[in-house]
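Undergrad: Input structure: final24.pdb, which contains PDB, C-alpha atoms.
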ATOM      1  CA  MET Y1086     124.035  61.491-133.308
ATOM      2  CA  ASP Y1087     120.601  63.028-133.661
ATOM      3  CA  ILE Y1088     118.194  61.612-131.094
ATOM      4  CA  SER Y1089     115.730  60.838-133.894
ATOM      5  CA  ASP Y1090     118.336  58.570-135.541
ATOM      6  CA  PHE Y1091     118.947  56.516-132.399
ATOM      7  CA  GLN Y1092     119.260  52.759-132.804
ATOM      8  CA  ALA Y1093     118.937  50.967-129.466
ATOM      9  CA  GLY Y1094     120.827  47.790-130.282
ATOM     10  CA  LYS Y1095     120.271  44.289-131.541
ATOM     11  CA  TYR Y1096     119.448  40.809-130.330
ATOM     12  CA  GLU Y1097     122.213  38.231-130.162
ATOM     13  CA  ASP Y1098     121.631  34.513-130.484
ATOM     14  CA  ARG Y1099     122.593  32.605-127.372
ATOM     15  CA  TYR Y1100     121.956  28.989-126.437
ATOM     16  CA  GLU Y1101     118.164  28.617-126.745
ATOM     17  CA  TYR Y1102     117.487  32.339-126.237
ATOM     18  CA  GLN Y1103     118.277  35.811-127.592
ATOM     19  CA  ALA Y1104     119.846  38.522-125.452
ATOM     20  CA  PHE Y1105     119.582  42.234-126.236
ATOM     21  CA  ARG Y1106     122.931  43.960-126.731
ATOM     22  CA  PRO Y1107     122.490  47.758-126.509
ATOM     23  CA  GLU Y1108     124.566  50.245-128.461
ATOM     24  CA  THR Y1109     127.025  52.365-126.508
ATOM     25  CA  VAL Y1110     125.928  55.862-125.438
ATOM     26  CA  CYS Y1111     129.166  57.805-124.938
ATOM     27  CA  HIS Y1112     128.991  60.037-128.019
ATOM     28  CA  GLU Y1113     127.457  63.323-129.164
ATOM     29  CA  TRP Y1114     123.692  63.755-128.878
ATOM     30  CA  VAL Y1115     121.890  66.500-130.780
ATOM     31  CA  SER Y1116     118.255  67.370-131.394
ATOM     32  CA  ALA Y1117     116.304  70.071-133.179
ATOM     33  CA  ASP Y1118     113.020  68.847-131.689
ATOM     34  CA  ALA Y1119     111.062  71.913-130.554
ATOM     35  CA  GLU Y1120     108.756  70.012-128.177
ATOM     36  CA  LEU Y1121     111.670  68.246-126.516
ATOM     37  CA  THR Y1122     113.530  71.547-126.133
ATOM     38  CA  GLU Y1123     110.460  73.188-124.608
ATOM     39  CA  ILE Y1124     109.833  70.491-121.994
ATOM     40  CA  LEU Y1125     113.561  70.357-121.232
ATOM     41  CA  GLY Y1126     113.472  74.092-120.484
ATOM     42  CA  ARG Y1127     110.460  73.685-118.198
ATOM     43  CA  ALA Y1128     112.064  70.813-116.309
ATOM     44  CA  ASP Y1129     115.303  72.763-115.959
ATOM     45  CA  ARG Y1130     113.475  75.815-114.555
ATOM     46  CA  ALA Y1131     111.484  73.650-112.128
ATOM     47  CA  LEU Y1132     114.713  72.057-110.912
ATOM     48  CA  GLY Y1133     116.273  75.493-110.429
ATOM     49  CA  GLU Y1134     113.272  76.639-108.396
ATOM     50  CA  LEU Y1135     113.503  73.531-106.232
ATOM     51  CA  ASN Y1136     117.203  74.135-105.672
ATOM     52  CA  ALA Y1137     116.514  77.713-104.543
ATOM     53  CA  PHE Y1138     113.885  76.589-102.022
ATOM     54  CA  ALA Y1139     116.131  73.779-100.779
ATOM     55  CA  GLN Y1140     118.644  76.409 -99.677
ATOM     56  CA  LEU Y1141     116.012  78.467 -97.808
ATOM     57  CA  VAL Y1142     114.069  75.860 -95.856
ATOM     58  CA  PRO Y1143     115.070  75.478 -92.200
ATOM     59  CA  ASP Y1144     116.240  72.045 -91.069
ATOM     60  CA  ILE Y1145     116.523  70.843 -94.658
ATOM     61  CA  GLU Y1146     118.286  67.653 -93.552
ATOM     62  CA  PHE Y1147     115.195  66.515 -91.607
ATOM     63  CA  PHE Y1148     113.002  67.255 -94.622
ATOM     64  CA  ILE Y1149     115.304  65.237 -96.870
ATOM     65  CA  GLN Y1150     115.154  62.310 -94.427
ATOM     66  CA  MET Y1151     111.389  62.249 -94.976
ATOM     67  CA  TYR Y1152     111.907  62.356 -98.741
ATOM     68  CA  VAL Y1153     114.459  59.552 -98.540
ATOM     69  CA  ALA Y1154     111.967  57.391 -96.640
ATOM     70  CA  LYS Y1155     109.286  58.139 -99.226
ATOM     71  CA  GLU Y1156     111.710  57.368-102.063
ATOM     72  CA  ALA Y1157     112.700  54.089-100.435
ATOM     73  CA  THR Y1158     109.123  52.898-100.003
ATOM     74  CA  GLN Y1159     108.025  53.975-103.490
ATOM     75  CA  SER Y1160     111.089  52.577-105.266
ATOM     76  CA  SER Y1161     110.721  49.279-103.434
ATOM     77  CA  ARG Y1162     106.975  49.267-104.151
ATOM     78  CA  ILE Y1163     107.756  49.267-107.874
ATOM     79  CA  GLU Y1164     109.586  46.005-107.201
ATOM     80  CA  GLY Y1165     106.542  44.567-105.419
ATOM     81  CA  THR Y1166     107.142  45.266-101.711
ATOM     82  CA  GLN Y1167     104.187  46.415 -99.590
ATOM     83  CA  THR Y1168     105.863  48.528 -96.901
ATOM     84  CA  ASN Y1169     104.408  52.033 -96.568
ATOM     85  CA  ILE Y1170     106.126  55.156 -95.263
ATOM     86  CA  GLU Y1171     104.601  54.773 -91.792
ATOM     87  CA  ASP Y1172     106.009  51.239 -91.502
ATOM     88  CA  ALA Y1173     109.424  52.496 -92.614
ATOM     89  CA  PHE Y1174     109.782  54.376 -89.313
ATOM     90  CA  LYS Y1175     108.748  51.439 -87.130
ATOM     91  CA  ASP Y1176     111.095  49.085 -85.319
ATOM     92  CA  VAL Y1177     111.226  45.578 -86.712
ATOM     93  CA  ASP Y1178     109.722  44.193 -83.473
ATOM     94  CA  ASP Y1179     106.580  46.258 -84.102
ATOM     95  CA  LEU Y1180     105.886  44.508 -87.410
ATOM     96  CA  ASN Y1181     104.173  41.237 -88.205
ATOM     97  CA  PRO Y1182     106.640  38.505 -89.246
ATOM     98  CA  GLU Y1183     105.311  38.462 -92.826
ATOM     99  CA  GLU Y1184     106.027  42.201 -93.152
ATOM    100  CA  ARG Y1185     109.654  42.101 -92.080
ATOM    101  CA  ASP Y1186     111.306  41.095 -95.356
ATOM    102  CA  ASP Y1187     109.714  44.028 -97.199
ATOM    103  CA  TRP Y1188     110.577  46.348 -94.302
ATOM    104  CA  ALA Y1189     114.229  45.211 -94.398
ATOM    105  CA  GLU Y1190     114.487  46.014 -98.112
ATOM    106  CA  VAL Y1191     113.153  49.527 -97.505
ATOM    107  CA  GLN Y1192     115.602  50.038 -94.625
ATOM    108  CA  ASN Y1193     118.466  48.911 -96.850
ATOM    109  CA  TYR Y1194     117.370  51.366 -99.513
ATOM    110  CA  ILE Y1195     117.387  54.190 -96.959
ATOM    111  CA  HIS Y1196     120.869  53.148 -95.840
ATOM    112  CA  ALA Y1197     122.035  52.903 -99.466
ATOM    113  CA  ILE Y1198     120.799  56.421-100.270
ATOM    114  CA  ASN Y1199     122.462  57.901 -97.197
ATOM    115  CA  PHE Y1200     125.658  55.946 -97.815
ATOM    116  CA  SER Y1201     125.959  56.962-101.458
ATOM    117  CA  ILE Y1202     125.212  60.654-100.861
ATOM    118  CA  GLU Y1203     127.868  60.778 -98.163
ATOM    119  CA  ALA Y1204     130.293  58.851-100.392
ATOM    120  CA  LEU Y1205     129.912  61.494-103.130
ATOM    121  CA  GLU Y1206     132.009  63.784-100.948
ATOM    122  CA  THR Y1207     135.055  61.610-101.647
ATOM    123  CA  LEU Y1208     134.130  59.568-104.731
ATOM    124  CA  PRO Y1209     132.734  60.524-108.136
ATOM    125  CA  LEU Y1210     129.566  58.893-109.399
ATOM    126  CA  SER Y1211     131.276  55.827-110.818
ATOM    127  CA  ASN Y1212     130.982  52.089-111.222
ATOM    128  CA  ARG Y1213     132.955  51.771-107.999
ATOM    129  CA  LEU Y1214     130.385  53.831-106.104
ATOM    130  CA  LEU Y1215     127.479  51.981-107.735
ATOM    131  CA  ARG Y1216     128.971  48.624-106.738
ATOM    132  CA  GLN Y1217     129.535  49.782-103.157
ATOM    133  CA  THR Y1218     125.992  51.133-102.955
ATOM    134  CA  HIS Y1219     124.624  47.884-104.365
ATOM    135  CA  GLU Y1220     126.408  45.974-101.622
ATOM    136  CA  VAL Y1221     124.672  48.104 -98.983
ATOM    137  CA  LEU Y1222     121.355  47.720-100.799
ATOM    138  CA  MET Y1223     121.476  43.913-100.815
ATOM    139  CA  GLU Y1224     123.014  43.227 -97.401
ATOM    140  CA  GLY Y1225     120.989  40.681 -95.443
ATOM    141  CA  VAL Y1226     117.850  40.805 -97.634
ATOM    142  CA  ARG Y1227     116.359  38.826-100.509
ATOM    143  CA  GLY Y1228     119.089  38.667-103.125
ATOM    144  CA  LYS Y1229     121.907  38.696-100.570
ATOM    145  CA  ASP Y1230     123.380  35.606-102.250
ATOM    146  CA  LYS Y1231     123.352  37.170-105.732
ATOM    147  CA  ARG Y1232     126.829  38.714-105.726
ATOM    148  CA  PRO Y1233     126.156  41.968-103.830
ATOM    149  CA  GLY Y1234     128.513  44.689-105.008
ATOM    150  CA  GLU Y1235     129.647  42.744-108.066
ATOM    151  CA  PHE Y1236     128.617  42.882-111.700
ATOM    152  CA  ARG Y1237     126.940  39.685-112.807
ATOM    153  CA  VAL Y1238     128.873  36.829-114.422
ATOM    154  CA  SER Y1239     125.792  34.952-115.582
ATOM    155  CA  GLN Y1240     122.693  35.709-117.619
ATOM    156  CA  ASN Y1241     119.708  37.380-115.972
ATOM    157  CA  TRP Y1242     116.252  38.226-117.278
ATOM    158  CA  ILE Y1243     113.048  40.115-116.498
ATOM    159  CA  GLY Y1244     110.080  37.768-116.201
ATOM    160  CA  VAL Y1245     109.152  34.429-114.735
ATOM    161  CA  SER Y1246     111.872  32.427-116.487
ATOM    162  CA  LEU Y1247     114.554  32.719-119.145
ATOM    163  CA  LYS Y1248     112.353  30.860-121.596
ATOM    164  CA  ASN Y1249     109.358  33.143-120.946
ATOM    165  CA  ALA Y1250     111.200  36.386-120.231
ATOM    166  CA  VAL Y1251     109.712  39.780-120.991
ATOM    167  CA  PHE Y1252     113.220  41.093-121.592
ATOM    168  CA  ILE Y1253     116.678  39.495-121.609
ATOM    169  CA  PRO Y1254     119.558  41.962-120.995
ATOM    170  CA  PRO Y1255     122.949  41.614-122.682
ATOM    171  CA  HIS Y1256     125.091  38.576-122.069
ATOM    172  CA  HIS Y1257     127.332  39.037-119.054
ATOM    173  CA  GLU Y1258     130.483  39.108-121.208
ATOM    174  CA  HIS Y1259     129.382  42.550-122.452
ATOM    175  CA  VAL Y1260     128.600  44.056-119.048
ATOM    176  CA  PRO Y1261     132.081  45.413-118.148
ATOM    177  CA  ASP Y1262     132.496  47.265-121.453
ATOM    178  CA  LEU Y1263     128.930  48.592-121.467
ATOM    179  CA  MET Y1264     129.210  49.838-117.878
ATOM    180  CA  GLY Y1265     132.596  51.364-118.670
ATOM    181  CA  ASP Y1266     131.016  53.246-121.570
ATOM    182  CA  LEU Y1267     128.157  54.393-119.319
ATOM    183  CA  GLU Y1268     130.578  55.684-116.698
ATOM    184  CA  LYS Y1269     132.493  57.642-119.350
ATOM    185  CA  PHE Y1270     129.243  59.099-120.674
ATOM    186  CA  LEU Y1271     128.287  60.440-117.245
ATOM    187  CA  HIS Y1272     131.548  62.391-117.034
ATOM    188  CA  ALA Y1273     132.500  63.147-120.666
ATOM    189  CA  ASP Y1274     133.272  66.890-120.646
ATOM    190  CA  ASP Y1275     134.036  66.874-124.371
ATOM    191  CA  ILE Y1276     130.457  65.833-125.157
ATOM    192  CA  PHE Y1277     127.770  68.470-124.723
ATOM    193  CA  VAL Y1278     124.521  66.927-123.551
ATOM    194  CA  HIS Y1279     122.147  68.729-121.209
ATOM    195  CA  PRO Y1280     122.498  67.061-117.772
ATOM    196  CA  LEU Y1281     118.820  66.089-117.624
ATOM    197  CA  LEU Y1282     119.033  64.409-121.031
ATOM    198  CA  ARG Y1283     122.291  62.775-120.010
ATOM    199  CA  ILE Y1284     120.849  61.150-116.885
ATOM    200  CA  ALA Y1285     117.645  60.176-118.720
ATOM    201  CA  ILE Y1286     119.732  58.330-121.319
ATOM    202  CA  ALA Y1287     121.997  56.901-118.611
ATOM    203  CA  HIS Y1288     119.045  55.587-116.593
ATOM    204  CA  TYR Y1289     117.608  53.855-119.653
ATOM    205  CA  GLN Y1290     121.016  52.361-120.459
ATOM    206  CA  PHE Y1291     121.600  51.148-116.902
ATOM    207  CA  GLU Y1292     118.218  49.428-116.768
ATOM    208  CA  THR Y1293     118.859  47.869-120.166
ATOM    209  CA  ILE Y1294     122.302  46.556-119.191
ATOM    210  CA  HIS Y1295     120.893  45.271-115.869
ATOM    211  CA  PRO Y1296     124.453  44.810-114.604
ATOM    212  CA  PHE Y1297     123.573  43.087-111.310
ATOM    213  CA  LEU Y1298     121.682  39.874-110.630
ATOM    214  CA  ASP Y1299     119.229  41.728-108.386
ATOM    215  CA  GLY Y1300     118.461  45.273-107.257
ATOM    216  CA  ASN Y1301     118.926  46.915-110.660
ATOM    217  CA  GLY Y1302     115.666  48.860-110.582
ATOM    218  CA  ARG Y1303     116.243  50.380-107.165
ATOM    219  CA  LEU Y1304     119.864  51.254-107.889
ATOM    220  CA  GLY Y1305     119.051  52.667-111.326
ATOM    221  CA  ARG Y1306     116.484  55.023-109.829
ATOM    222  CA  LEU Y1307     118.850  56.044-107.053
ATOM    223  CA  MET Y1308     121.491  56.824-109.685
ATOM    224  CA  ILE Y1309     119.292  59.675-110.950
ATOM    225  CA  SER Y1310     119.406  61.484-107.607
ATOM    226  CA  LEU Y1311     123.126  60.800-107.217
ATOM    227  CA  TYR Y1312     123.861  62.304-110.626
ATOM    228  CA  LEU Y1313     121.877  65.481-109.953
ATOM    229  CA  ALA Y1314     123.699  65.922-106.647
ATOM    230  CA  SER Y1315     127.139  65.097-108.064
ATOM    231  CA  GLU Y1316     126.745  67.596-110.920
ATOM    232  CA  GLY Y1317     125.623  70.372-108.584
ATOM    233  CA  LEU Y1318     122.188  70.707-110.165
ATOM    234  CA  LEU Y1319     120.853  70.396-106.633
ATOM    235  CA  SER Y1320     122.780  71.633-103.615
ATOM    236  CA  LYS Y1321     120.841  69.060-101.570
ATOM    237  CA  PRO Y1322     119.515  65.685-102.789
ATOM    238  CA  ALA Y1323     115.877  66.789-102.783
ATOM    239  CA  LEU Y1324     114.542  65.216-105.985
ATOM    240  CA  TYR Y1325     113.479  61.568-106.172
ATOM    241  CA  LEU Y1326     111.491  60.213-109.118
ATOM    242  CA  SER Y1327     110.278  56.863-107.796
ATOM    243  CA  ASP Y1328     106.925  58.307-106.744
ATOM    244  CA  TYR Y1329     106.368  59.528-110.324
ATOM    245  CA  PHE Y1330     107.489  56.182-111.733
ATOM    246  CA  GLU Y1331     105.235  54.302-109.307
ATOM    247  CA  ARG Y1332     102.187  56.437-110.170
ATOM    248  CA  ASN Y1333     102.938  55.843-113.862
ATOM    249  CA  LYS Y1334     104.373  52.338-113.536
ATOM    250  CA  THR Y1335     102.877  50.890-116.704
ATOM    251  CA  ALA Y1336     104.008  53.873-118.786
ATOM    252  CA  TYR Y1337     107.473  53.733-117.182
ATOM    253  CA  VAL Y1338     107.996  50.089-118.108
ATOM    254  CA  ASP Y1339     106.397  50.519-121.542
ATOM    255  CA  HIS Y1340     108.601  53.497-122.434
ATOM    256  CA  LEU Y1341     111.789  51.612-121.536
ATOM    257  CA  MET Y1342     110.689  48.626-123.608
ATOM    258  CA  ALA Y1343     109.651  50.882-126.512
ATOM    259  CA  VAL Y1344     113.198  52.248-126.702
ATOM    260  CA  ARG Y1345     114.627  48.728-126.926
ATOM    261  CA  GLN Y1346     112.051  47.391-129.344
ATOM    262  CA  GLY Y1347     111.339  50.422-131.515
ATOM    263  CA  ASN Y1348     114.109  52.976-130.869
ATOM    264  CA  HIS Y1349     111.583  55.401-129.322
ATOM    265  CA  LEU Y1350     114.158  57.332-127.310
ATOM    266  CA  ARG Y1351     112.419  60.691-127.801
ATOM    267  CA  ASP Y1352     109.221  59.450-126.121
ATOM    268  CA  TRP Y1353     111.218  58.154-123.155
ATOM    269  CA  LEU Y1354     113.038  61.487-122.790
ATOM    270  CA  ILE Y1355     109.776  63.446-122.802
ATOM    271  CA  PHE Y1356     108.260  61.068-120.219
ATOM    272  CA  PHE Y1357     111.353  61.424-118.029
ATOM    273  CA  LEU Y1358     111.445  65.226-118.298
ATOM    274  CA  HIS Y1359     107.755  65.467-117.416
ATOM    275  CA  GLY Y1360     108.623  63.463-114.312
ATOM    276  CA  VAL Y1361     111.441  65.842-113.364
ATOM    277  CA  GLU Y1362     109.179  68.870-113.826
ATOM    278  CA  ASP Y1363     106.222  67.321-111.997
ATOM    279  CA  THR Y1364     108.324  66.092-109.070
ATOM    280  CA  ALA Y1365     110.411  69.262-108.767
ATOM    281  CA  ARG Y1366     107.345  71.508-108.725
ATOM    282  CA  ALA Y1367     105.628  69.334-106.116
ATOM    283  CA  SER Y1368     108.742  69.398-103.921
ATOM    284  CA  ALA Y1369     109.170  73.163-104.351
ATOM    285  CA  SER Y1370     105.508  73.636-103.426
ATOM    286  CA  ALA Y1371     106.059  71.653-100.225
ATOM    287  CA  PHE Y1372     109.112  73.799 -99.423
ATOM    288  CA  ARG Y1373     107.067  76.948-100.078
ATOM    289  CA  GLU Y1374     104.365  75.804 -97.692
ATOM    290  CA  LEU Y1375     106.985  75.100 -95.035
ATOM    291  CA  LEU Y1376     108.378  78.620 -95.365
ATOM    292  CA  GLU Y1377     104.881  80.100 -95.144
ATOM    293  CA  LEU Y1378     104.208  78.016 -92.040
ATOM    294  CA  LYS Y1379     107.466  79.218 -90.503
ATOM    295  CA  GLY Y1380     106.454  82.826 -91.196
ATOM    296  CA  LYS Y1381     103.050  82.363 -89.573
ATOM    297  CA  ASP Y1382     104.658  80.706 -86.575
ATOM    298  CA  ARG Y1383     107.025  83.658 -86.102
ATOM    299  CA  ALA Y1384     104.167  86.127 -86.471
TER     300      ALA Y1384
END
Here is the file; what I need is its structure written in the form of structure tokens.

TA:
Amino acid sequence: MDISDFQAGKYEDRYEYQAFRPETVCHEWVSADAELTEILGRADRALGELNAFAQLVPDIEFFIQMYVAKEATQSSRIEGTQTNIEDAFKDVDDLNPEERDDWAEVQNYIHAINFSIEALETLPLSNRLLRQTHEVLMEGVRGKDKRPGEFRVSQNWIGVSLKNAVFIPPHHEHVPDLMGDLEKFLHADDIFVHPLLRIAIAHYQFETIHPFLDGNGRLGRLMISLYLASEGLLSKPALYLSDYFERNKTAYVDHLMAVRQGNHLRDWLIFFLHGVEDTARASASAFRELLELKGKDRA
């Protein structure tokens, strides 16, 4: 399928509402779009530069811990929490009572990232791993009673209520098949799709399916980093896009909705690739400054 011919899906009539049923994504994707090809090349080169620096920086694991904390606070901030990166390193007893729920969600996100990256050593990026990571993400926090680690078996929605929802994902009866198709797409060796385009499409599809009752946004953003690490595009998990999505939150949400409502997949891909390039270059620049600082210290 040519990206320009993409049809996102259709709305299905349900009792007193309509749910959006997306098309499957596990098939060929082709494009002769010169602008898309150009930005894809830039993002790919920026990612390669980041990967090179990630292998040179001393004590890379400590640096990644800082990035994980930043990712956790920014990804949770998109969902409305107010914890900042300084608070993320505090003990719970050092926080005001009204700050502790947000803090706990950030801590769970940190644990979920660390758990899933370690799990990649023995498990592929799969629905099994996503469910296990979701269970860690939701343990003991808001949403803990919404089937942690299990795909939903009821309708969910984005908005204040089902009647006044901004977006209603597919009916739960479609979730197993749609998530099975998404898992196949992530690993289909017989389909050539550039890895950055593949995870951009997969992230959109995951957020559209919204397979869990809670925590979909955080897990969907984490899935990007897991995919890059699992495919060997990064030797270390040093790229996290939540800061880019948070700084461009309105555009992020609007682009996802524009794909569903108007089939504007190309615009979403360009937005996503700009985020990869922007984030990778910023991270590589930080690595470069660390190496320069190390050289000055030795001198």

Undergrad: Take CA of Asp1328 in chain Y and CA of Arg1237 in chain Y and report the distance between them in Å, one decimal.

TA: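 Separation between CA of Asp1328 in chain Y and CA of Arg1237 in chain Y: 28.0 Å.
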
Undergrad: Kindly give the distance, in Å, that separates CA of Val1110 in chain Y and CA of Ala1093 in chain Y, rounded to a single decimal.

TA: 9.4 Å

Undergrad: Selected by the PyMOL selection byres ((chain Y and resi 1333-1341) around 10) in the shown coordinates: which residues, as a ChimeraX atom specification?

TA: /Y:1163,1288-1290,1292-1293,1327-1332,1342-1354,1356-1357,1360

Undergrad: How would you write, as a list in words, the residues chosen by the PyMOL selection byres ((chain Y and resi 1325) around 7) on this structure?

TA: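 Applied to this file, the PyMOL selection byres ((chain Y and resi 1325) around 7) returns Glu1156, Ser1310, Ala1323, Leu1324, Leu1326 and Ser1327 of chain Y.
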
Undergrad: Compile the contact shell of Leu1125 in chain Y as a list in words: residues with an atom at most 12 Å away, counting all atoms listed in the file, same-chain residues fewer than 3 positions apart removed.

TA: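 The filter keeps Ser1116, Asp1118, Ala1119, Glu1120, Leu1121, Thr1122, Ala1128, Asp1129, Arg1130, Ala1131, Leu1132, Val1278, His1279, Pro1280, Leu1281, Leu1282, Arg1283, Ala1285, Arg1351, Leu1354, Ile1355, Phe1356, Phe1357, Leu1358, His1359, Gly1360, Val1361 and Glu1362 of chain Y.
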
Undergrad: What does the structure give for the distance between CA of His1196 in chain Y and CA of Glu1224 in chain Y, in Å to one decimal?

TA: 10.3 Å

Undergrad: Neighbours of Leu1271 in chain Y within 9 Å (only C-alpha atoms; same-chain residues fewer than 6 positions away dropped), as a PyMOL selection string?

TA: chain Y and resi 1111+1210-1211+1280+1283-1284+1287+1312

Undergrad: Residues near Val1238 in chain Y, anyone? I mean within 8 Å using only C-alpha atoms, not counting same-chain ones fewer than 2 positions away, as a ChimeraX atom specification.

TA: /Y:1236,1240,1257-1258

Undergrad: On this file, the PyMOL selection byres ((chain Y and resi 1241-1250) around 10) gives some set of residues; write that set as a short mmCIF file (atom, residue, chain, number, x, y, z; two decimals) with C-alpha atoms, in the frame of the given file.

TA:
data_model
loop_
_atom_site.label_atom_id
_atom_site.label_comp_id
_atom_site.auth_asym_id
_atom_site.auth_seq_id
_atom_site.Cartn_x
_atom_site.Cartn_y
_atom_site.Cartn_z
CA GLU Y 1101 118.16 28.62 -126.74
CA TYR Y 1102 117.49 32.34 -126.24
CA GLN Y 1103 118.28 35.81 -127.59
CA ALA Y 1104 119.85 38.52 -125.45
CA ARG Y 1237 126.94 39.68 -112.81
CA VAL Y 1238 128.87 36.83 -114.42
CA SER Y 1239 125.79 34.95 -115.58
CA GLN Y 1240 122.69 35.71 -117.62
CA VAL Y 1251 109.71 39.78 -120.99
CA PHE Y 1252 113.22 41.09 -121.59
CA ILE Y 1253 116.68 39.49 -121.61
CA PRO Y 1254 119.56 41.96 -121.00
CA PRO Y 1255 122.95 41.61 -122.68
CA HIS Y 1256 125.09 38.58 -122.07
CA HIS Y 1257 127.33 39.04 -119.05
CA HIS Y 1295 120.89 45.27 -115.87
CA PRO Y 1296 124.45 44.81 -114.60
CA PHE Y 1297 123.57 43.09 -111.31
CA LEU Y 1298 121.68 39.87 -110.63
CA ASP Y 1299 119.23 41.73 -108.39
#
